[in-house]
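Here's model.cif, which has mmCIF, C-alpha atoms:
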data_data
#
loop_
_atom_site.label_atom_id
_atom_site.label_comp_id
_atom_site.auth_asym_id
_atom_site.auth_seq_id
_atom_site.Cartn_x
_atom_site.Cartn_y
_atom_site.Cartn_z
CA MET D 32 0.00 0.00 0.00
CA ILE D 33 2.80 2.41 1.00
CA LYS D 34 4.80 1.43 -2.10
CA ALA D 35 1.76 1.98 -4.34
CA LEU D 36 1.37 5.45 -2.84
CA ALA D 37 5.09 6.16 -3.29
CA LEU D 38 4.80 4.99 -6.90
CA LEU D 39 1.85 7.30 -7.49
CA ILE D 40 3.81 10.23 -6.04
CA ASN D 41 7.10 9.45 -7.83
CA ILE D 42 5.39 9.23 -11.22
CA GLY D 43 2.39 11.50 -10.68
CA VAL D 44 4.23 14.57 -9.39
CA PRO D 45 6.73 14.94 -12.29
CA LEU D 46 4.01 13.96 -14.79
CA LEU D 47 1.65 16.62 -13.44
CA TRP D 48 4.50 19.13 -13.58
CA GLY D 49 5.30 18.22 -17.20
CA VAL D 50 1.66 18.34 -18.34
CA GLY D 51 1.12 21.56 -16.38
CA MET D 52 4.15 23.19 -18.00
CA TYR D 53 2.93 22.08 -21.42
CA PHE D 54 -0.47 23.72 -20.92
CA PHE D 55 1.10 26.81 -19.35
CA PHE D 56 3.51 27.41 -22.23
CA GLU D 57 0.98 26.34 -24.86
CA LYS D 58 -1.53 28.86 -23.52
CA PHE D 59 1.18 31.49 -23.29
CA HIS D 60 2.38 30.65 -26.82
CA ASN D 61 -1.19 30.65 -28.24
CA ARG D 62 -1.94 33.99 -26.61
CA ASN D 63 1.14 35.47 -28.29
CA ASN D 64 0.20 33.84 -31.60
CA ASN D 65 -3.38 35.13 -31.42
CA PHE D 66 -2.01 38.56 -30.63
CA ALA D 67 0.29 38.34 -33.66
CA LYS D 68 -2.58 37.11 -35.87
CA THR D 69 -4.82 40.01 -34.90
CA GLU D 70 -1.99 42.47 -35.40
CA GLN D 71 -0.73 41.14 -38.75
CA PRO D 72 -3.74 41.80 -41.07
CA GLU D 73 -3.83 45.44 -40.07
CA LYS D 74 -0.16 45.80 -41.04
CA GLN D 75 -0.75 44.01 -44.37
CA GLU D 76 -3.73 46.18 -45.17
CA GLY D 77 -1.59 49.19 -44.46
CA SER D 78 1.21 47.98 -46.72
CA ASN D 79 -1.21 47.16 -49.58
CA GLU D 80 -2.58 50.63 -49.49
CA MET U 157 4.21 8.20 7.20
CA SER U 158 7.97 7.95 7.86
CA GLU U 159 8.05 4.82 5.70
CA LEU U 160 6.48 6.75 2.81
CA LEU U 161 8.93 9.62 3.34
CA GLN U 162 11.81 7.14 3.19
CA LEU U 163 10.46 5.84 -0.14
CA ILE U 164 10.18 9.26 -1.79
CA SER U 165 13.14 10.93 -0.05
CA PRO U 166 15.73 8.40 1.19
CA GLU U 167 18.47 9.57 3.54
CA PHE U 168 22.04 9.91 2.29
CA THR U 169 25.14 11.96 3.07
CA ALA U 170 25.78 14.65 0.46
CA HIS U 171 28.63 17.17 0.09
CA PHE U 172 26.23 19.94 1.12
CA SER U 173 23.37 20.12 3.57
CA GLY U 174 20.27 22.25 4.13
CA ALA U 175 19.71 25.30 1.95
CA LEU U 176 23.12 25.02 0.27
CA PHE U 177 22.20 21.54 -1.01
CA TYR U 178 19.12 22.92 -2.76
CA LEU U 179 20.97 26.02 -3.97
CA VAL U 180 23.59 23.89 -5.75
CA LEU U 181 20.81 21.65 -7.05
CA VAL U 182 18.96 24.66 -8.49
CA VAL U 183 22.17 25.91 -10.18
CA LEU U 184 22.65 22.43 -11.67
CA GLY U 185 19.00 22.35 -12.81
CA LEU U 186 19.38 25.79 -14.41
CA SER U 187 22.51 24.64 -16.27
CA ILE U 188 20.89 21.40 -17.50
CA GLY U 189 17.76 23.31 -18.54
CA PHE U 190 19.90 25.88 -20.32
CA LEU U 191 21.62 23.10 -22.33
CA THR U 192 18.20 21.64 -23.19
CA GLY U 193 16.92 24.99 -24.43
CA PHE U 194 20.15 25.83 -26.24
CA PHE U 195 21.01 22.51 -27.87
CA GLY U 196 17.65 20.69 -27.78
CA VAL U 197 19.00 17.63 -25.94
CA GLY U 198 17.75 16.19 -22.65
CA GLY U 199 21.08 16.30 -20.85
CA GLY U 200 20.35 13.22 -18.74
CA PHE U 201 23.82 11.87 -19.48
CA LEU U 202 25.28 14.98 -17.77
CA THR U 203 22.78 15.24 -14.88
CA VAL U 204 23.56 11.89 -13.23
CA PRO U 205 27.40 12.16 -13.05
CA LEU U 206 27.19 15.83 -12.04
CA LEU U 207 24.69 15.02 -9.25
CA ASN U 208 27.18 12.46 -7.96
CA ILE U 209 30.40 14.44 -8.37
CA ILE U 210 29.28 17.96 -7.46
CA ILE U 211 26.57 17.29 -4.87
CA GLY U 212 27.58 13.83 -3.65
CA VAL U 213 24.26 12.10 -4.38
CA PRO U 214 24.85 8.31 -4.44
CA TYR U 215 24.70 7.05 -8.02
CA GLU U 216 21.66 4.80 -7.49
CA ILE U 217 19.63 7.74 -6.10
CA ALA U 218 20.96 10.13 -8.78
CA VAL U 219 19.83 7.67 -11.48
CA GLY U 220 16.35 7.18 -9.96
CA SER U 221 15.78 10.91 -9.35
CA ASP U 222 16.97 11.72 -12.88
CA LEU U 223 14.50 9.22 -14.38
CA SER U 224 11.71 10.87 -12.39
CA PHE U 225 12.97 14.25 -13.70
CA ILE U 226 12.91 12.84 -17.26
CA ILE U 227 9.20 11.90 -16.82
CA GLY U 228 8.46 15.60 -16.24
CA THR U 229 10.57 16.95 -19.11
CA SER U 230 9.71 14.31 -21.73
CA SER U 231 5.95 14.34 -21.03
CA SER U 232 5.84 18.06 -21.72
CA GLY U 233 7.90 17.74 -24.93
CA PHE U 234 5.97 14.68 -26.10
CA LEU U 235 2.59 16.42 -25.71
CA ARG U 236 3.82 19.35 -27.76
CA GLN U 237 5.12 17.11 -30.57
CA ALA U 238 1.97 14.94 -30.45
CA THR U 239 -0.35 17.93 -30.93
CA LEU U 240 1.77 18.95 -33.93
CA GLY U 241 1.35 15.43 -35.36
CA LYS U 242 5.09 14.75 -35.23
CA VAL U 243 5.02 11.38 -33.48
CA GLU U 244 5.25 8.00 -35.22
CA TYR U 245 3.18 5.97 -32.73
CA LYS U 246 3.87 2.52 -34.17
CA THR U 247 7.62 3.13 -33.80
CA VAL U 248 7.06 4.34 -30.23
CA GLY U 249 5.12 1.14 -29.46
CA CYS U 250 7.68 -1.23 -31.03
CA ILE U 251 10.84 0.35 -29.56
CA ALA U 252 9.26 1.19 -26.18
CA GLY U 253 8.25 -2.48 -25.83
CA GLY U 254 11.96 -3.28 -25.72
CA SER U 255 13.05 -0.22 -23.76
CA ILE U 256 10.51 -0.80 -20.94
CA ALA U 257 11.89 -4.32 -20.46
CA GLY U 258 15.44 -2.95 -20.79
CA ALA U 259 14.87 -0.31 -18.09
CA VAL U 260 13.68 -3.00 -15.65
CA VAL U 261 16.60 -5.31 -16.49
CA GLY U 262 18.93 -2.29 -16.23
CA ASP U 263 17.90 -1.76 -12.60
CA PHE U 264 18.70 -5.41 -11.83
CA ILE U 265 22.11 -4.90 -13.47
CA GLN U 266 22.68 -1.77 -11.37
CA ASP U 267 21.86 -3.74 -8.20
CA TYR U 268 24.22 -6.49 -9.34
CA LEU U 269 27.03 -3.97 -9.90
CA LEU U 270 26.43 -2.27 -6.53
CA PHE U 271 25.86 -5.24 -4.25
CA THR U 272 27.66 -8.14 -5.97
CA VAL U 273 30.51 -6.66 -8.02
CA ALA U 274 31.25 -3.71 -5.70
CA GLY U 275 30.13 -5.58 -2.55
CA GLY U 276 28.05 -2.56 -1.44
CA ARG U 277 31.16 -0.31 -1.37
CA HIS U 278 30.04 3.00 -2.88
CA LEU U 279 33.56 4.15 -3.71
CA PHE U 280 34.09 1.11 -5.95
CA PHE U 281 30.59 1.42 -7.41
CA ASN U 282 31.28 5.10 -8.21
CA SER U 283 34.41 4.06 -10.13
CA ILE U 284 32.40 1.55 -12.18
CA MET U 285 29.69 4.11 -12.97
CA HIS U 286 32.26 6.85 -13.72
CA SER U 287 33.99 4.52 -16.20
CA MET U 288 30.68 3.66 -17.87
CA PHE U 289 29.80 7.35 -18.20
CA VAL U 290 33.22 8.15 -19.70
CA VAL U 291 32.69 5.45 -22.35
CA LEU U 292 29.14 6.71 -23.05
CA LEU U 293 30.22 10.36 -23.26
CA VAL U 294 33.15 9.56 -25.59
CA PHE U 295 30.68 7.63 -27.77
CA THR U 296 28.30 10.62 -27.62
CA VAL U 297 31.05 13.03 -28.77
CA ILE U 298 31.81 10.71 -31.71
CA ILE U 299 28.09 10.54 -32.64
CA ILE U 300 27.72 14.33 -32.43
CA LEU U 301 30.77 15.08 -34.56
CA LYS U 302 30.11 12.35 -37.13
CA GLN U 303 26.35 12.93 -37.48
CA PRO U 304 25.46 13.56 -41.13
CA ASP U 305 23.09 16.27 -42.30
CA LYS U 306 19.43 15.70 -41.51
CA GLN U 307 18.40 15.25 -45.12
CA GLN U 308 21.00 12.60 -45.91
CA PRO U 309 19.41 9.63 -44.08
CA GLU U 310 16.04 10.22 -45.75
CA THR U 311 17.49 10.03 -49.24
CA GLN U 312 19.64 7.04 -48.27
CA ALA U 313 16.59 5.30 -46.84
CA LYS U 314 14.59 5.80 -49.99
CA LYS U 315 17.37 4.58 -52.29
CA ALA U 316 18.64 1.40 -50.65
CA GLY U 317 16.52 0.90 -47.54
CA THR U 318 17.64 1.42 -43.97
CA PRO U 319 19.71 -1.21 -42.13
CA LEU U 320 16.55 -2.44 -40.36
CA GLN U 321 14.75 -2.82 -43.72
CA ARG U 322 17.62 -4.86 -45.13
CA ILE U 323 17.45 -7.55 -42.41
CA LYS U 324 15.71 -10.50 -44.05
CA PHE U 325 14.73 -12.72 -41.10
CA GLY U 326 11.88 -12.30 -38.62
CA PRO U 327 8.56 -10.44 -38.86
CA THR U 328 8.47 -6.94 -40.30
CA VAL U 329 6.30 -3.90 -39.63
CA ASP U 330 5.26 -0.96 -41.85
CA LEU U 331 6.01 2.40 -40.24
CA ASP U 332 5.15 5.99 -41.03
CA HIS U 333 2.71 7.27 -43.62
CA ASP U 334 5.57 8.24 -45.95
CA GLY U 335 6.07 4.61 -46.93
CA LEU U 336 8.63 3.15 -44.55
CA GLU U 337 7.78 -0.48 -45.17
CA GLY U 338 9.23 -3.81 -44.09
CA VAL U 339 11.15 -2.65 -41.02
CA ASN U 340 12.49 -5.57 -38.98
CA LEU U 341 10.40 -5.90 -35.77
CA PRO U 342 12.90 -7.88 -33.63
CA GLY U 343 15.54 -5.31 -34.60
CA LEU U 344 13.34 -2.45 -33.32
CA ILE U 345 12.63 -4.27 -30.05
CA LEU U 346 16.33 -5.13 -29.58
CA ILE U 347 17.36 -1.50 -30.11
CA GLY U 348 14.79 -0.44 -27.51
CA PHE U 349 16.00 -3.10 -25.09
CA LEU U 350 19.66 -2.08 -25.34
CA VAL U 351 18.92 1.64 -24.91
CA GLY U 352 16.48 0.72 -22.09
CA ILE U 353 19.28 -1.06 -20.22
CA LEU U 354 21.30 2.18 -20.32
CA THR U 355 18.20 3.96 -18.94
CA GLY U 356 17.92 1.53 -16.04
CA VAL U 357 21.64 1.41 -15.19
CA MET U 358 22.74 4.98 -15.90
CA GLY U 359 19.51 6.99 -15.84
CA ILE U 360 19.93 8.43 -19.31
CA GLY U 361 16.81 9.00 -21.37
CA GLY U 362 18.64 7.89 -24.47
CA GLY U 363 17.59 10.88 -26.56
CA VAL U 364 21.13 11.52 -27.81
CA LEU U 365 21.43 7.86 -28.87
CA MET U 366 17.80 7.45 -29.98
CA MET U 367 17.81 10.36 -32.44
CA PRO U 368 20.60 8.98 -34.69
CA ILE U 369 19.11 5.48 -34.31
CA LEU U 370 15.69 6.66 -35.51
CA LEU U 371 17.19 8.66 -38.37
CA LEU U 372 19.88 6.25 -39.57
CA LEU U 373 18.83 2.73 -38.56
CA VAL U 374 15.03 3.02 -38.62
CA GLY U 375 14.85 5.70 -41.33
CA LEU U 376 12.21 7.98 -39.81
CA PRO U 377 11.88 11.46 -41.30
CA ALA U 378 13.77 14.12 -39.29
CA ASP U 379 10.59 15.99 -38.30
CA LYS U 380 9.11 12.90 -36.62
CA ALA U 381 12.30 11.59 -34.96
CA SER U 382 12.27 14.06 -32.06
CA GLY U 383 8.64 13.46 -30.98
CA THR U 384 9.00 9.69 -31.43
CA SER U 385 12.19 9.68 -29.36
CA LEU U 386 10.45 11.64 -26.58
CA GLY U 387 7.60 9.10 -26.47
CA ILE U 388 10.05 6.20 -26.13
CA VAL U 389 12.13 8.05 -23.51
CA PHE U 390 8.99 8.87 -21.49
CA LEU U 391 7.81 5.24 -21.39
CA ALA U 392 11.28 3.87 -20.57
CA ALA U 393 11.80 6.42 -17.78
CA THR U 394 8.37 5.60 -16.31
CA ALA U 395 9.21 1.88 -16.32
CA GLY U 396 12.54 2.67 -14.65
CA VAL U 397 10.82 4.75 -11.93
CA VAL U 398 8.30 1.94 -11.28
CA LYS U 399 11.11 -0.60 -10.84
CA LYS U 400 13.23 1.71 -8.68
CA THR U 401 10.29 2.61 -6.41
CA ILE U 402 9.28 -0.99 -5.71
CA SER U 403 12.94 -2.01 -5.33
CA ALA U 404 14.15 -3.23 -1.89
CA THR U 405 16.19 -0.04 -1.37
CA PRO U 406 14.50 3.29 -2.22
CA LYS U 407 16.27 5.01 -5.11
CA ILE U 408 14.27 8.16 -5.88
CA ASP U 409 14.54 11.47 -4.05
CA LEU U 410 11.55 13.55 -5.08
CA SER U 411 13.05 16.74 -3.64
CA ILE U 412 15.96 16.42 -6.12
CA THR U 413 13.48 15.76 -8.95
CA LEU U 414 11.35 18.79 -8.08
CA ALA U 415 14.32 21.16 -7.63
CA LEU U 416 15.67 20.07 -11.04
CA LEU U 417 12.24 20.40 -12.70
CA VAL U 418 11.58 23.90 -11.38
CA ALA U 419 15.09 25.19 -12.12
CA SER U 420 15.28 23.57 -15.55
CA VAL U 421 12.09 25.34 -16.75
CA ILE U 422 13.83 28.70 -16.20
CA GLY U 423 17.06 27.36 -17.73
CA VAL U 424 15.23 26.11 -20.85
CA GLN U 425 13.68 29.54 -21.42
CA LEU U 426 17.11 31.20 -21.00
CA GLY U 427 18.63 28.74 -23.48
CA ILE U 428 15.87 29.27 -26.06
CA HIS U 429 16.24 33.04 -25.69
CA LEU U 430 20.04 32.99 -26.03
CA VAL U 431 20.19 30.50 -28.91
CA GLN U 432 18.71 33.10 -31.28
CA ASN U 433 21.92 35.16 -31.07
CA PHE U 434 24.29 32.30 -31.89
CA ASP U 435 25.74 30.84 -35.05
CA THR U 436 23.86 27.51 -35.29
CA SER U 437 26.39 25.98 -37.72
CA ARG U 438 28.82 25.59 -34.81
CA PHE U 439 26.30 23.95 -32.47
CA ARG U 440 27.85 20.51 -32.66
CA ARG U 441 31.28 21.85 -31.74
CA TYR U 442 29.90 23.82 -28.78
CA PHE U 443 28.06 20.78 -27.54
CA ALA U 444 31.06 18.51 -28.05
CA VAL U 445 33.20 20.90 -25.98
CA ILE U 446 30.67 20.72 -23.10
CA VAL U 447 30.61 16.91 -23.22
CA ILE U 448 34.44 16.80 -23.32
CA CYS U 449 34.53 19.06 -20.21
CA ALA U 450 32.16 16.61 -18.48
CA ILE U 451 34.49 13.73 -19.44
CA GLY U 452 37.41 15.69 -17.94
CA LEU U 453 35.47 16.28 -14.70
CA ILE U 454 34.59 12.59 -14.35
CA LEU U 455 38.19 11.51 -15.07
CA ALA U 456 39.47 14.05 -12.52
CA ASP U 457 37.06 12.69 -9.90
CA LEU U 458 38.09 9.15 -10.81
CA PHE U 459 41.88 9.60 -10.67
CA VAL U 460 42.70 12.86 -8.84
CA PHE U 461 40.21 13.35 -5.97
#
Show how you would write the structure in this file as structure tokens.
Amino acid sequence: MIKALALLINIGVPLLWGVGMYFFFEKFHNRNNNFAKTEQPEKQEGSNE
Amino acid sequence: MSELLQLISPEFTAHFSGALFYLVLVVLGLSIGFLTGFFGVGGGFLTVPLLNIIIGVPYEIAVGSDLSFIIGTSSSGFLRQATLGKVEYKTVGCIAGGSIAGAVVGDFIQDYLLFTVAGGRHLFFNSIMHSMFVVLLVFTVIIILKQPDKQQPETQAKKAGTPLQRIKFGPTVDLDHDGLEGVNLPGLILIGFLVGILTGVMGIGGGVLMMPILLLLVGLPADKASGTSLGIVFLAATAGVVKKTISATPKIDLSITLALLVASVIGVQLGIHLVQNFDTSRFRRYFAVIVICAIGLILADLFVF
């Protein structure tokens, strides 16, 4: 029972960290991308004119 | 409760204690993370010997804690590659089948080296592990410096078939949507098993070895090799952590794992930021110099100190 709990902690904690970091950076990355996407068309329109 | 604590944070005598122990650990985590961000390699082959030499973590605990650390780093990288569709799942399944078994066998080999060959004497066991790391790092330097351009293996594979396609005995498996057909299945499992043994004994994820294997021996396209390698490394490291947790002597210190994970995230971002200002054509040389420095440090610890 104790070993099963230790196993859960030894695998679960780093796994949660890894998955958490993925979602954190993915969200951060997507927010930057969305920002870039909304900014870009305005610039292109400007350059076409 | 104390029994659980012993299983996730076993006692040992390190070179540092208290806050200084964690401070050095954080500096090490930052450095390893920086290398990951800068060069795009896991750095497991540097973490374990440095944990032992600089901080004084016994090798068996350094290996276990590093495998737990690899679960955190590879899961994050694997998810990213998987969402981009850059993972060849059948290859992951075939090679990981061997590497999971290899990681478990590797832990038995480590126990054999520690308790039977070295008779439980850590000084002797350290010498054995140091020697194995020197051999592995020399091999790594050779791989890095001799690695051909990324496009070369793909064209070679299409012309004459990869070494695993040319093996005529045993069952074969078709991999990848780009038409990688007739790849030898026992060969894939054997490769996984051998790299898995290194994971279990030395705590290396095998990324540095797995990448050239996937490109040259298996013939995967370069864009799928990284994600596929991460999937294999993740499964092998998880198997290694399972074996090391249920082992008679606890071999994973979660506080080391967590300190490395937290510090390495910052280090990775620093590395990614700094890499944009560097000449990427000299990457291999830079990396080779770092690995050669690590070899020098291990040899100094082996013969001088």
Q: Select all residues from chain U having any atom no more than 8 Å from an atom of chain D (counting all atoms listed in the file, ignoring ligands), output as number ranges by chain.
A: U: 159-160, 163-164, 224-225, 227-233, 235-236, 394, 397-398, 401-402, 408, 410, 413-414, 417
Q. For Gly361 in chain U, which of U:Ser173, U:Thr203, U:Gln266, U:Ser287 is the closest residue, counting only C-alpha atoms?
A.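 Smallest distance to Gly361 in chain U is found for U:Thr203.
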Q: Measuring atom to atom with all atoms listed in the file, identify which of U:Pro406, U:Leu455, U:Gly375, U:Thr272 is nearest to Glu244 in chain U.
A: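 Using all atoms listed in the file, Glu244 in chain U sits closest to U:Gly375.
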Q: Rank U:Ile217, U:Ile412, U:Val339, U:Ala393 by their smallest atom-to-atom distance to Thr318 in chain U, using all atoms listed in the file, and report the top residue only.
A: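 Answer, going by the shortest atom-to-atom distance: U:Val339.
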Q | Distance query Ala392 in chain U at most 9 Å, only C-alpha atoms, self and fewer than 4 positions along chain excluded, as number ranges by chain | A | U: 223, 252-260, 348, 352, 355-356, 361, 387-388, 396-397
(Q) Neighbouring residues of range 288-299 of chain U were defined as those with any atom within 8 Å, considering only C-alpha atoms; residues of the same chain fewer than 4 positions away were excluded. Please report them as a count of residues only. (A) 14
Q: Report the distance between CA of Ile428 in chain U and CA of Tyr442 in chain U in Å, rounded to one decimal place.
A: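 CA of Tyr442 in chain U lies 15.3 Å from CA of Ile428 in chain U.
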Q. Near Ser283 in chain U, within 12 Å and counting all atoms listed in the file, which residues show up once chain neighbours fewer than 3 positions away are dropped, as a VMD selection string?
A. chain U and resid 205 208 to 209 214 to 215 269 to 270 273 to 274 277 to 280 286 to 290 454 to 459 461
(Q) Set the distance at 6 Å and use all atoms listed in the file: which residues neighbour Lys242 in chain U once local chain neighbours fewer than 4 positions away are removed? I'd like the list as a ChimeraX atom specification. (A) /U:237-238,380,383
Q) Which of these, U:Gly193, U:Gly452, U:Gly362, U:Gly174, has the shortest distance to Val424 in chain U once you count all atoms listed in the file? A)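 Nearest to Val424 in chain U: U:Gly193.
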Q: Find the residues around Leu181 in chain U up to 10 Å (all atoms listed in the file counted), leave out those fewer than 5 positions away in its own chain, and share them as a list in words.
A: Phe172, Ala175, Leu176, Leu186, Ser187, Leu206, Leu207, Ile210, Ile211, Ser411, Ile412, Thr413, Leu414, Ala415, Leu416 and Ala419 of chain U
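The two atoms in question, CA of Gly276 in chain U and CA of Ala170 in chain U, are spaced 17.5 Å apart.
Computed from the coordinates, the CA of Met285 in chain U to CA of Gly185 in chain U distance equals 21.1 Å.
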